[in-house]
file data_27.txt (compact mmCIF, N, CA and C atoms)
# COMPACT_ATOMS: atom_id res chain seq x y z
N MET A 57 -8.06 35.02 4.09
CA MET A 57 -6.63 34.77 4.08
C MET A 57 -6.12 35.01 2.66
N SER A 58 -5.01 35.71 2.56
CA SER A 58 -4.44 36.00 1.24
C SER A 58 -3.82 34.73 0.65
N ALA A 59 -3.59 34.77 -0.65
CA ALA A 59 -2.98 33.63 -1.34
C ALA A 59 -1.59 33.34 -0.76
N ARG A 60 -0.86 34.40 -0.44
CA ARG A 60 0.49 34.23 0.13
C ARG A 60 0.42 33.60 1.52
N ASP A 61 -0.53 34.06 2.34
CA ASP A 61 -0.69 33.49 3.68
C ASP A 61 -1.11 32.01 3.59
N ALA A 62 -2.00 31.70 2.67
CA ALA A 62 -2.45 30.31 2.50
C ALA A 62 -1.29 29.43 2.06
N ARG A 63 -0.44 29.95 1.18
CA ARG A 63 0.74 29.19 0.74
C ARG A 63 1.69 28.95 1.91
N ASP A 64 1.92 29.98 2.74
CA ASP A 64 2.79 29.83 3.90
C ASP A 64 2.25 28.79 4.87
N VAL A 65 0.95 28.82 5.12
CA VAL A 65 0.32 27.84 6.01
C VAL A 65 0.47 26.43 5.43
N ALA A 66 0.25 26.31 4.14
CA ALA A 66 0.39 25.00 3.49
C ALA A 66 1.82 24.48 3.58
N LEU A 67 2.80 25.34 3.34
CA LEU A 67 4.21 24.93 3.42
C LEU A 67 4.59 24.52 4.85
N GLU A 68 4.10 25.25 5.83
CA GLU A 68 4.37 24.88 7.23
C GLU A 68 3.72 23.53 7.56
N THR A 69 2.52 23.32 7.07
CA THR A 69 1.83 22.05 7.31
C THR A 69 2.59 20.91 6.65
N ILE A 70 3.04 21.10 5.41
CA ILE A 70 3.81 20.06 4.70
C ILE A 70 5.07 19.73 5.47
N GLN A 71 5.80 20.75 5.90
CA GLN A 71 7.04 20.50 6.66
C GLN A 71 6.75 19.72 7.94
N ARG A 72 5.76 20.13 8.68
CA ARG A 72 5.41 19.45 9.93
C ARG A 72 5.00 18.00 9.67
N GLU A 73 4.16 17.79 8.67
CA GLU A 73 3.66 16.44 8.40
C GLU A 73 4.73 15.52 7.83
N LEU A 74 5.62 16.04 6.98
CA LEU A 74 6.71 15.21 6.47
C LEU A 74 7.68 14.84 7.60
N THR A 75 7.88 15.76 8.52
CA THR A 75 8.72 15.45 9.69
C THR A 75 8.08 14.32 10.51
N ALA A 76 6.77 14.39 10.68
CA ALA A 76 6.06 13.33 11.41
C ALA A 76 6.18 12.00 10.68
N VAL A 77 6.07 12.02 9.36
CA VAL A 77 6.21 10.79 8.57
C VAL A 77 7.60 10.21 8.77
N ALA A 78 8.63 11.05 8.72
CA ALA A 78 10.01 10.58 8.89
C ALA A 78 10.22 9.98 10.28
N ARG A 79 9.70 10.66 11.30
CA ARG A 79 9.82 10.14 12.67
C ARG A 79 9.12 8.79 12.80
N ARG A 80 7.92 8.70 12.25
CA ARG A 80 7.16 7.46 12.34
C ARG A 80 7.87 6.34 11.58
N ALA A 81 8.43 6.67 10.44
CA ALA A 81 9.14 5.65 9.65
C ALA A 81 10.33 5.10 10.42
N ARG A 82 11.11 5.98 11.05
CA ARG A 82 12.25 5.52 11.83
C ARG A 82 11.80 4.68 13.02
N ALA A 83 10.75 5.14 13.69
CA ALA A 83 10.28 4.43 14.88
C ALA A 83 9.70 3.07 14.56
N THR A 84 8.99 2.96 13.47
CA THR A 84 8.34 1.68 13.15
C THR A 84 9.24 0.74 12.36
N ALA A 85 10.32 1.26 11.77
CA ALA A 85 11.21 0.40 10.99
C ALA A 85 11.75 -0.74 11.83
N ALA A 86 12.20 -0.44 13.02
CA ALA A 86 12.75 -1.47 13.90
C ALA A 86 11.68 -2.45 14.36
N GLN A 87 10.45 -1.98 14.52
CA GLN A 87 9.37 -2.87 14.93
C GLN A 87 9.00 -3.83 13.80
N MET A 88 9.03 -3.33 12.57
CA MET A 88 8.64 -4.16 11.43
C MET A 88 9.64 -5.26 11.18
N HIS A 89 10.92 -4.91 11.27
CA HIS A 89 11.94 -5.93 11.07
C HIS A 89 13.17 -5.53 11.88
N PRO A 90 13.35 -6.14 13.05
CA PRO A 90 14.42 -5.72 13.96
C PRO A 90 15.83 -5.77 13.35
N GLU A 91 16.06 -6.65 12.39
CA GLU A 91 17.39 -6.76 11.79
C GLU A 91 17.69 -5.62 10.82
N LEU A 92 16.67 -4.89 10.41
CA LEU A 92 16.85 -3.97 9.29
C LEU A 92 16.40 -2.56 9.65
N SER A 93 17.37 -1.66 9.80
CA SER A 93 17.05 -0.26 10.06
C SER A 93 16.47 0.36 8.80
N LEU A 94 15.89 1.53 8.94
CA LEU A 94 15.35 2.23 7.78
C LEU A 94 16.45 2.53 6.77
N VAL A 95 17.62 2.93 7.25
CA VAL A 95 18.74 3.21 6.36
C VAL A 95 19.15 1.95 5.61
N ALA A 96 19.29 0.85 6.34
CA ALA A 96 19.67 -0.42 5.70
C ALA A 96 18.64 -0.83 4.67
N TYR A 97 17.37 -0.68 5.02
CA TYR A 97 16.29 -1.04 4.08
C TYR A 97 16.41 -0.23 2.79
N THR A 98 16.61 1.08 2.91
CA THR A 98 16.67 1.91 1.70
C THR A 98 17.90 1.57 0.86
N ILE A 99 19.01 1.25 1.52
CA ILE A 99 20.21 0.87 0.76
C ILE A 99 19.98 -0.44 0.03
N LEU A 100 19.44 -1.43 0.72
CA LEU A 100 19.17 -2.71 0.08
C LEU A 100 18.18 -2.55 -1.08
N ALA A 101 17.14 -1.76 -0.86
CA ALA A 101 16.15 -1.55 -1.91
C ALA A 101 16.77 -0.87 -3.12
N HIS A 102 17.67 0.08 -2.88
CA HIS A 102 18.33 0.78 -4.00
C HIS A 102 19.24 -0.18 -4.77
N ILE A 103 19.99 -0.99 -4.05
CA ILE A 103 20.87 -1.97 -4.71
C ILE A 103 20.04 -2.93 -5.55
N GLU A 104 18.91 -3.37 -5.01
CA GLU A 104 18.03 -4.27 -5.75
C GLU A 104 17.47 -3.58 -6.99
N GLU A 105 16.98 -2.37 -6.82
CA GLU A 105 16.38 -1.62 -7.92
C GLU A 105 17.38 -1.39 -9.05
N GLN A 106 18.63 -1.11 -8.68
CA GLN A 106 19.67 -0.84 -9.68
C GLN A 106 20.31 -2.14 -10.20
N GLN A 107 19.94 -3.25 -9.65
CA GLN A 107 20.53 -4.55 -9.98
C GLN A 107 22.04 -4.52 -9.77
N GLY A 108 22.41 -3.91 -8.64
CA GLY A 108 23.81 -3.77 -8.27
C GLY A 108 24.28 -2.34 -8.49
N CYS A 109 25.17 -1.88 -7.62
CA CYS A 109 25.74 -0.55 -7.78
C CYS A 109 27.02 -0.45 -6.95
N ARG A 110 27.80 0.58 -7.23
CA ARG A 110 29.02 0.83 -6.48
C ARG A 110 28.68 1.63 -5.21
N ALA A 111 29.55 1.55 -4.23
CA ALA A 111 29.36 2.33 -3.01
C ALA A 111 29.34 3.83 -3.34
N THR A 112 30.15 4.25 -4.30
CA THR A 112 30.15 5.67 -4.69
C THR A 112 28.81 6.08 -5.30
N ASP A 113 28.14 5.14 -5.97
CA ASP A 113 26.80 5.43 -6.51
C ASP A 113 25.81 5.66 -5.38
N LEU A 114 25.92 4.86 -4.31
CA LEU A 114 25.06 5.05 -3.14
C LEU A 114 25.29 6.42 -2.52
N ALA A 115 26.57 6.78 -2.37
CA ALA A 115 26.90 8.09 -1.77
C ALA A 115 26.30 9.22 -2.60
N ALA A 116 26.41 9.12 -3.90
CA ALA A 116 25.87 10.17 -4.77
C ALA A 116 24.35 10.19 -4.71
N HIS A 117 23.73 9.02 -4.74
CA HIS A 117 22.27 8.95 -4.73
C HIS A 117 21.68 9.53 -3.44
N TYR A 118 22.29 9.21 -2.31
CA TYR A 118 21.76 9.65 -1.02
C TYR A 118 22.40 10.94 -0.52
N LEU A 119 23.29 11.52 -1.34
CA LEU A 119 23.99 12.76 -0.97
C LEU A 119 24.71 12.61 0.37
N LEU A 120 25.43 11.49 0.49
CA LEU A 120 26.15 11.19 1.73
C LEU A 120 27.65 11.16 1.47
N ASP A 121 28.40 11.34 2.53
CA ASP A 121 29.85 11.23 2.48
C ASP A 121 30.23 9.77 2.21
N LYS A 122 31.28 9.56 1.46
CA LYS A 122 31.70 8.20 1.13
C LYS A 122 32.02 7.38 2.38
N SER A 123 32.59 8.01 3.41
CA SER A 123 32.92 7.26 4.63
C SER A 123 31.66 6.77 5.34
N THR A 124 30.60 7.57 5.30
CA THR A 124 29.33 7.16 5.90
C THR A 124 28.78 5.94 5.18
N VAL A 125 28.80 5.99 3.86
CA VAL A 125 28.31 4.86 3.06
C VAL A 125 29.20 3.64 3.29
N SER A 126 30.49 3.86 3.38
CA SER A 126 31.42 2.75 3.60
C SER A 126 31.10 2.01 4.89
N ARG A 127 30.78 2.75 5.96
CA ARG A 127 30.41 2.10 7.23
C ARG A 127 29.11 1.32 7.10
N GLN A 128 28.13 1.89 6.41
CA GLN A 128 26.85 1.20 6.21
C GLN A 128 27.06 -0.07 5.39
N VAL A 129 27.83 0.04 4.33
CA VAL A 129 28.10 -1.12 3.45
C VAL A 129 28.83 -2.21 4.24
N ALA A 130 29.81 -1.83 5.03
CA ALA A 130 30.56 -2.81 5.82
C ALA A 130 29.63 -3.54 6.78
N ALA A 131 28.73 -2.81 7.42
CA ALA A 131 27.78 -3.44 8.35
C ALA A 131 26.87 -4.41 7.61
N LEU A 132 26.38 -4.03 6.44
CA LEU A 132 25.51 -4.91 5.66
C LEU A 132 26.26 -6.14 5.17
N GLU A 133 27.53 -5.97 4.85
CA GLU A 133 28.35 -7.13 4.46
C GLU A 133 28.54 -8.08 5.64
N ARG A 134 28.83 -7.54 6.82
CA ARG A 134 29.02 -8.38 8.01
C ARG A 134 27.77 -9.19 8.33
N LEU A 135 26.60 -8.59 8.06
CA LEU A 135 25.33 -9.29 8.30
C LEU A 135 25.00 -10.29 7.20
N GLY A 136 25.81 -10.33 6.14
CA GLY A 136 25.57 -11.24 5.04
C GLY A 136 24.42 -10.82 4.14
N LEU A 137 24.12 -9.51 4.13
CA LEU A 137 23.00 -9.01 3.33
C LEU A 137 23.42 -8.56 1.93
N ILE A 138 24.67 -8.14 1.81
CA ILE A 138 25.18 -7.75 0.50
C ILE A 138 26.53 -8.40 0.27
N GLU A 139 26.94 -8.42 -0.98
CA GLU A 139 28.24 -8.96 -1.34
C GLU A 139 28.83 -8.11 -2.45
N ARG A 140 30.14 -8.14 -2.52
CA ARG A 140 30.85 -7.40 -3.58
C ARG A 140 31.19 -8.37 -4.71
N ARG A 141 31.01 -7.89 -5.92
CA ARG A 141 31.41 -8.67 -7.10
C ARG A 141 32.23 -7.76 -8.01
N VAL A 142 33.17 -8.36 -8.68
CA VAL A 142 33.99 -7.60 -9.63
C VAL A 142 33.13 -7.25 -10.83
N ASP A 143 33.23 -6.00 -11.26
CA ASP A 143 32.51 -5.54 -12.45
C ASP A 143 33.14 -6.19 -13.67
N PRO A 144 32.36 -6.96 -14.45
CA PRO A 144 32.94 -7.65 -15.60
C PRO A 144 33.50 -6.70 -16.66
N SER A 145 32.99 -5.47 -16.72
CA SER A 145 33.47 -4.53 -17.73
C SER A 145 34.69 -3.73 -17.25
N ASP A 146 34.96 -3.75 -15.94
CA ASP A 146 36.12 -3.05 -15.38
C ASP A 146 36.53 -3.78 -14.10
N HIS A 147 37.52 -4.62 -14.20
CA HIS A 147 37.92 -5.48 -13.09
C HIS A 147 38.46 -4.71 -11.89
N ARG A 148 38.67 -3.42 -12.03
CA ARG A 148 39.13 -2.60 -10.90
C ARG A 148 37.96 -2.19 -10.01
N VAL A 149 36.74 -2.32 -10.50
CA VAL A 149 35.55 -1.83 -9.81
C VAL A 149 34.81 -2.99 -9.13
N GLN A 150 34.37 -2.74 -7.90
CA GLN A 150 33.55 -3.72 -7.19
C GLN A 150 32.11 -3.21 -7.14
N VAL A 151 31.19 -4.09 -7.49
CA VAL A 151 29.77 -3.74 -7.51
C VAL A 151 29.09 -4.47 -6.36
N LEU A 152 28.23 -3.74 -5.65
CA LEU A 152 27.48 -4.31 -4.54
C LEU A 152 26.22 -4.96 -5.07
N HIS A 153 25.95 -6.16 -4.59
CA HIS A 153 24.74 -6.89 -4.96
C HIS A 153 24.13 -7.46 -3.68
N LEU A 154 22.85 -7.72 -3.73
CA LEU A 154 22.21 -8.38 -2.59
C LEU A 154 22.68 -9.82 -2.53
N ALA A 155 23.00 -10.26 -1.33
CA ALA A 155 23.27 -11.67 -1.09
C ALA A 155 21.92 -12.37 -0.92
N ARG A 156 21.92 -13.68 -0.92
CA ARG A 156 20.67 -14.43 -0.76
C ARG A 156 19.92 -13.97 0.49
N HIS A 157 20.65 -13.86 1.61
CA HIS A 157 20.02 -13.44 2.87
C HIS A 157 19.46 -12.02 2.74
N GLY A 158 20.15 -11.16 2.01
CA GLY A 158 19.67 -9.80 1.78
C GLY A 158 18.37 -9.78 1.01
N ASN A 159 18.28 -10.62 -0.01
CA ASN A 159 17.02 -10.74 -0.77
C ASN A 159 15.88 -11.21 0.12
N GLU A 160 16.17 -12.19 0.98
CA GLU A 160 15.13 -12.73 1.87
C GLU A 160 14.66 -11.67 2.87
N ILE A 161 15.61 -11.00 3.50
CA ILE A 161 15.29 -9.98 4.51
C ILE A 161 14.53 -8.83 3.86
N LEU A 162 14.97 -8.40 2.69
CA LEU A 162 14.30 -7.30 2.00
C LEU A 162 12.87 -7.69 1.64
N ALA A 163 12.67 -8.89 1.15
CA ALA A 163 11.32 -9.34 0.80
C ALA A 163 10.42 -9.39 2.04
N THR A 164 10.95 -9.88 3.15
CA THR A 164 10.17 -9.94 4.39
C THR A 164 9.83 -8.53 4.88
N ALA A 165 10.81 -7.65 4.88
CA ALA A 165 10.58 -6.27 5.32
C ALA A 165 9.58 -5.57 4.41
N ARG A 166 9.72 -5.78 3.12
CA ARG A 166 8.80 -5.14 2.15
C ARG A 166 7.36 -5.61 2.39
N ALA A 167 7.19 -6.90 2.63
CA ALA A 167 5.85 -7.44 2.88
C ALA A 167 5.28 -6.86 4.18
N SER A 168 6.11 -6.74 5.20
CA SER A 168 5.66 -6.17 6.47
C SER A 168 5.28 -4.70 6.29
N ARG A 169 6.06 -3.95 5.56
CA ARG A 169 5.75 -2.54 5.31
C ARG A 169 4.48 -2.40 4.48
N ARG A 170 4.31 -3.28 3.53
CA ARG A 170 3.09 -3.26 2.71
C ARG A 170 1.86 -3.48 3.59
N GLU A 171 1.94 -4.45 4.51
CA GLU A 171 0.83 -4.71 5.43
C GLU A 171 0.54 -3.49 6.29
N THR A 172 1.58 -2.82 6.74
CA THR A 172 1.40 -1.62 7.57
C THR A 172 0.70 -0.53 6.78
N PHE A 173 1.15 -0.28 5.55
CA PHE A 173 0.50 0.74 4.73
C PHE A 173 -0.93 0.35 4.40
N GLU A 174 -1.15 -0.92 4.15
CA GLU A 174 -2.50 -1.39 3.86
C GLU A 174 -3.42 -1.11 5.04
N ALA A 175 -2.95 -1.38 6.25
CA ALA A 175 -3.76 -1.13 7.45
C ALA A 175 -4.01 0.36 7.65
N ARG A 176 -2.97 1.17 7.49
CA ARG A 176 -3.11 2.61 7.70
C ARG A 176 -4.04 3.26 6.68
N LEU A 177 -4.05 2.73 5.47
CA LEU A 177 -4.80 3.37 4.38
C LEU A 177 -6.06 2.59 3.99
N ARG A 178 -6.44 1.65 4.82
CA ARG A 178 -7.58 0.77 4.54
C ARG A 178 -8.86 1.55 4.21
N ASP A 179 -9.10 2.65 4.89
CA ASP A 179 -10.34 3.39 4.70
C ASP A 179 -10.28 4.43 3.58
N TRP A 180 -9.15 4.53 2.92
CA TRP A 180 -9.03 5.50 1.83
C TRP A 180 -9.62 4.88 0.56
N ASP A 181 -10.35 5.67 -0.20
CA ASP A 181 -10.88 5.14 -1.46
C ASP A 181 -9.79 5.18 -2.54
N ARG A 182 -10.07 4.50 -3.63
CA ARG A 182 -9.09 4.35 -4.72
C ARG A 182 -8.61 5.69 -5.25
N GLU A 183 -9.51 6.65 -5.41
CA GLU A 183 -9.14 7.96 -5.95
C GLU A 183 -8.18 8.69 -5.01
N ASP A 184 -8.46 8.64 -3.70
CA ASP A 184 -7.57 9.28 -2.73
C ASP A 184 -6.19 8.64 -2.75
N LEU A 185 -6.14 7.31 -2.79
CA LEU A 185 -4.86 6.61 -2.84
C LEU A 185 -4.08 6.95 -4.11
N THR A 186 -4.77 6.96 -5.23
CA THR A 186 -4.12 7.26 -6.50
C THR A 186 -3.57 8.69 -6.50
N ARG A 187 -4.36 9.63 -5.99
CA ARG A 187 -3.92 11.03 -5.94
C ARG A 187 -2.73 11.18 -4.99
N PHE A 188 -2.81 10.53 -3.81
CA PHE A 188 -1.72 10.61 -2.84
C PHE A 188 -0.43 10.03 -3.43
N ALA A 189 -0.55 8.89 -4.10
CA ALA A 189 0.62 8.26 -4.73
C ALA A 189 1.22 9.19 -5.79
N ALA A 190 0.37 9.77 -6.62
CA ALA A 190 0.85 10.68 -7.67
C ALA A 190 1.52 11.91 -7.06
N ASP A 191 0.93 12.45 -6.00
CA ASP A 191 1.52 13.63 -5.34
C ASP A 191 2.88 13.29 -4.72
N LEU A 192 3.01 12.11 -4.12
CA LEU A 192 4.29 11.70 -3.55
C LEU A 192 5.35 11.54 -4.64
N VAL A 193 4.98 10.93 -5.75
CA VAL A 193 5.91 10.78 -6.87
C VAL A 193 6.34 12.16 -7.37
N ARG A 194 5.37 13.04 -7.57
CA ARG A 194 5.69 14.39 -8.05
C ARG A 194 6.62 15.11 -7.07
N TYR A 195 6.32 15.03 -5.78
CA TYR A 195 7.16 15.67 -4.77
C TYR A 195 8.59 15.13 -4.83
N ASN A 196 8.74 13.81 -4.89
CA ASN A 196 10.07 13.21 -4.89
C ASN A 196 10.84 13.52 -6.17
N VAL A 197 10.17 13.59 -7.29
CA VAL A 197 10.85 13.98 -8.54
C VAL A 197 11.33 15.42 -8.43
N ASP A 198 10.47 16.30 -7.95
CA ASP A 198 10.86 17.71 -7.78
C ASP A 198 11.98 17.85 -6.74
N ALA A 199 11.87 17.11 -5.64
CA ALA A 199 12.88 17.19 -4.59
C ALA A 199 14.25 16.71 -5.10
N ALA A 200 14.24 15.69 -5.94
CA ALA A 200 15.50 15.17 -6.49
C ALA A 200 16.19 16.18 -7.39
N SER A 201 15.39 17.02 -8.05
CA SER A 201 16.00 18.00 -8.95
C SER A 201 16.37 19.30 -8.23
N HIS A 202 16.00 19.41 -6.95
CA HIS A 202 16.33 20.59 -6.13
C HIS A 202 16.85 20.16 -4.75
N PRO A 203 17.99 19.46 -4.73
CA PRO A 203 18.48 18.95 -3.43
C PRO A 203 18.86 20.11 -2.55

call {"tool": "encode", "arguments": {"input": "data_27.txt", "output": "structure tokens"}}
result
Amino acid sequence: MSARDARDVALETIQRELTAVARRARATAAQMHPELSLVAYTILAHIEEQQGCRATDLAAHYLLDKSTVSRQVAALERLGLIERRVDPSDHRVQVLHLARHGNEILATARASRRETFEARLRDWDREDLTRFAADLVRYNVDAASHP
């Protein structure tokens, strides 16, 4: 097999396997924590990681339309998972923060997801896990710079 053919096969395999990962993530998200969809989980995790952010920051980060983010934010607010606070440096701006219930739900979901990954990767040795983690980080850094 030529180098070009091998690259094409590898790219097709990556696409197929990442699609399977995405499908599995969506399917198991509801099983892990029925209150928290995969989208809601990622939004809450991003707000936590940023220690608060604006809805426009979420739209930019996820490359989504502002109206889509607005609907997601409104749903999370109705569930009591996030709250809006006035930005102390600019009183015209509202910053999204996790509410107490949001912190609790996120912690529970994160622990459940950790258990799932632990079970799935139980037979992997440390070197394989470390390499897989590094490859995922590299992929996501590259993907972020080439949306």

call {"tool": "select_by_dssp", "arguments": {"input": "data_27.txt", "residues": "stretch 71-129 of chain A", "states": "helix (DSSP H, G or I)", "output": "number ranges by chain"}}
result
A: 71-88, 94-106, 111-118, 122-129

call {"tool": "select_by_dssp", "arguments": {"input": "data_27.txt", "residues": "stretch 62-181 of chain A", "states": "strand (DSSP E or B)", "output": "ChimeraX atom specification"}}
result
/A:109,138-143,146-154

call {"tool": "residues_around", "arguments": {"input": "data_27.txt", "residues": "A:Arg141", "least_positions_apart": "4", "cutoff": "7 Å", "atoms": "only C-alpha atoms", "output": "ChimeraX atom specification"}}
result
/A:150-152

call {"tool": "closest_atom_pairs", "arguments": {"input": "data_27.txt", "of": "stretch 91-128 of chain A", "to": "stretch 162-185 of chain A", "cutoff": "8 Å", "atoms": "all atoms listed in the file", "output": "JSON lines"}}
result
{"residue": "A:Leu92", "atom": "CA", "partner": "A:Ala165", "partner_atom": "CA", "distance": 7.8}
{"residue": "A:Tyr97", "atom": "CA", "partner": "A:Leu162", "partner_atom": "CA", "distance": 6.9}
{"residue": "A:Leu100", "atom": "C", "partner": "A:Leu162", "partner_atom": "CA", "distance": 6.9}
{"residue": "A:Ala101", "atom": "N", "partner": "A:Leu162", "partner_atom": "CA", "distance": 6.9}

call {"tool": "residues_around", "arguments": {"input": "data_27.txt", "residues": "A:Leu135", "least_positions_apart": "6", "cutoff": "8 Å", "atoms": "only N, CA and C atoms", "output": "CSV table (one decimal) with N, CA and C atoms, keeping the file's coordinate frame"}}
result
chain,number,residue,atom,x,y,z
A,129,VAL,N,27.8,0.0,4.3
A,129,VAL,CA,28.1,-1.1,3.4
A,129,VAL,C,28.8,-2.2,4.2
A,157,HIS,N,20.6,-13.9,1.6
A,157,HIS,CA,20.0,-13.4,2.9
A,157,HIS,C,19.5,-12.0,2.7
A,158,GLY,N,20.2,-11.2,2.0
A,158,GLY,CA,19.7,-9.8,1.8
A,158,GLY,C,18.4,-9.8,1.0

call {"tool": "atom_distance", "arguments": {"input": "data_27.txt", "atom1": "atom CA of A:His147", "atom2": "atom CA of A:Leu120"}}
result
25.2 Å

call {"tool": "closest_residue", "arguments": {"input": "data_27.txt", "among": "A:Ser58, A:Gln128, A:Leu137, A:Val142", "to": "A:Glu160", "atoms": "all atoms listed in the file"}}
result
A:Leu137

call {"tool": "atom_distance", "arguments": {"input": "data_27.txt", "atom1": "atom CA of A:Ser123", "atom2": "atom CA of A:Glu105"}}
result
22.6 Å
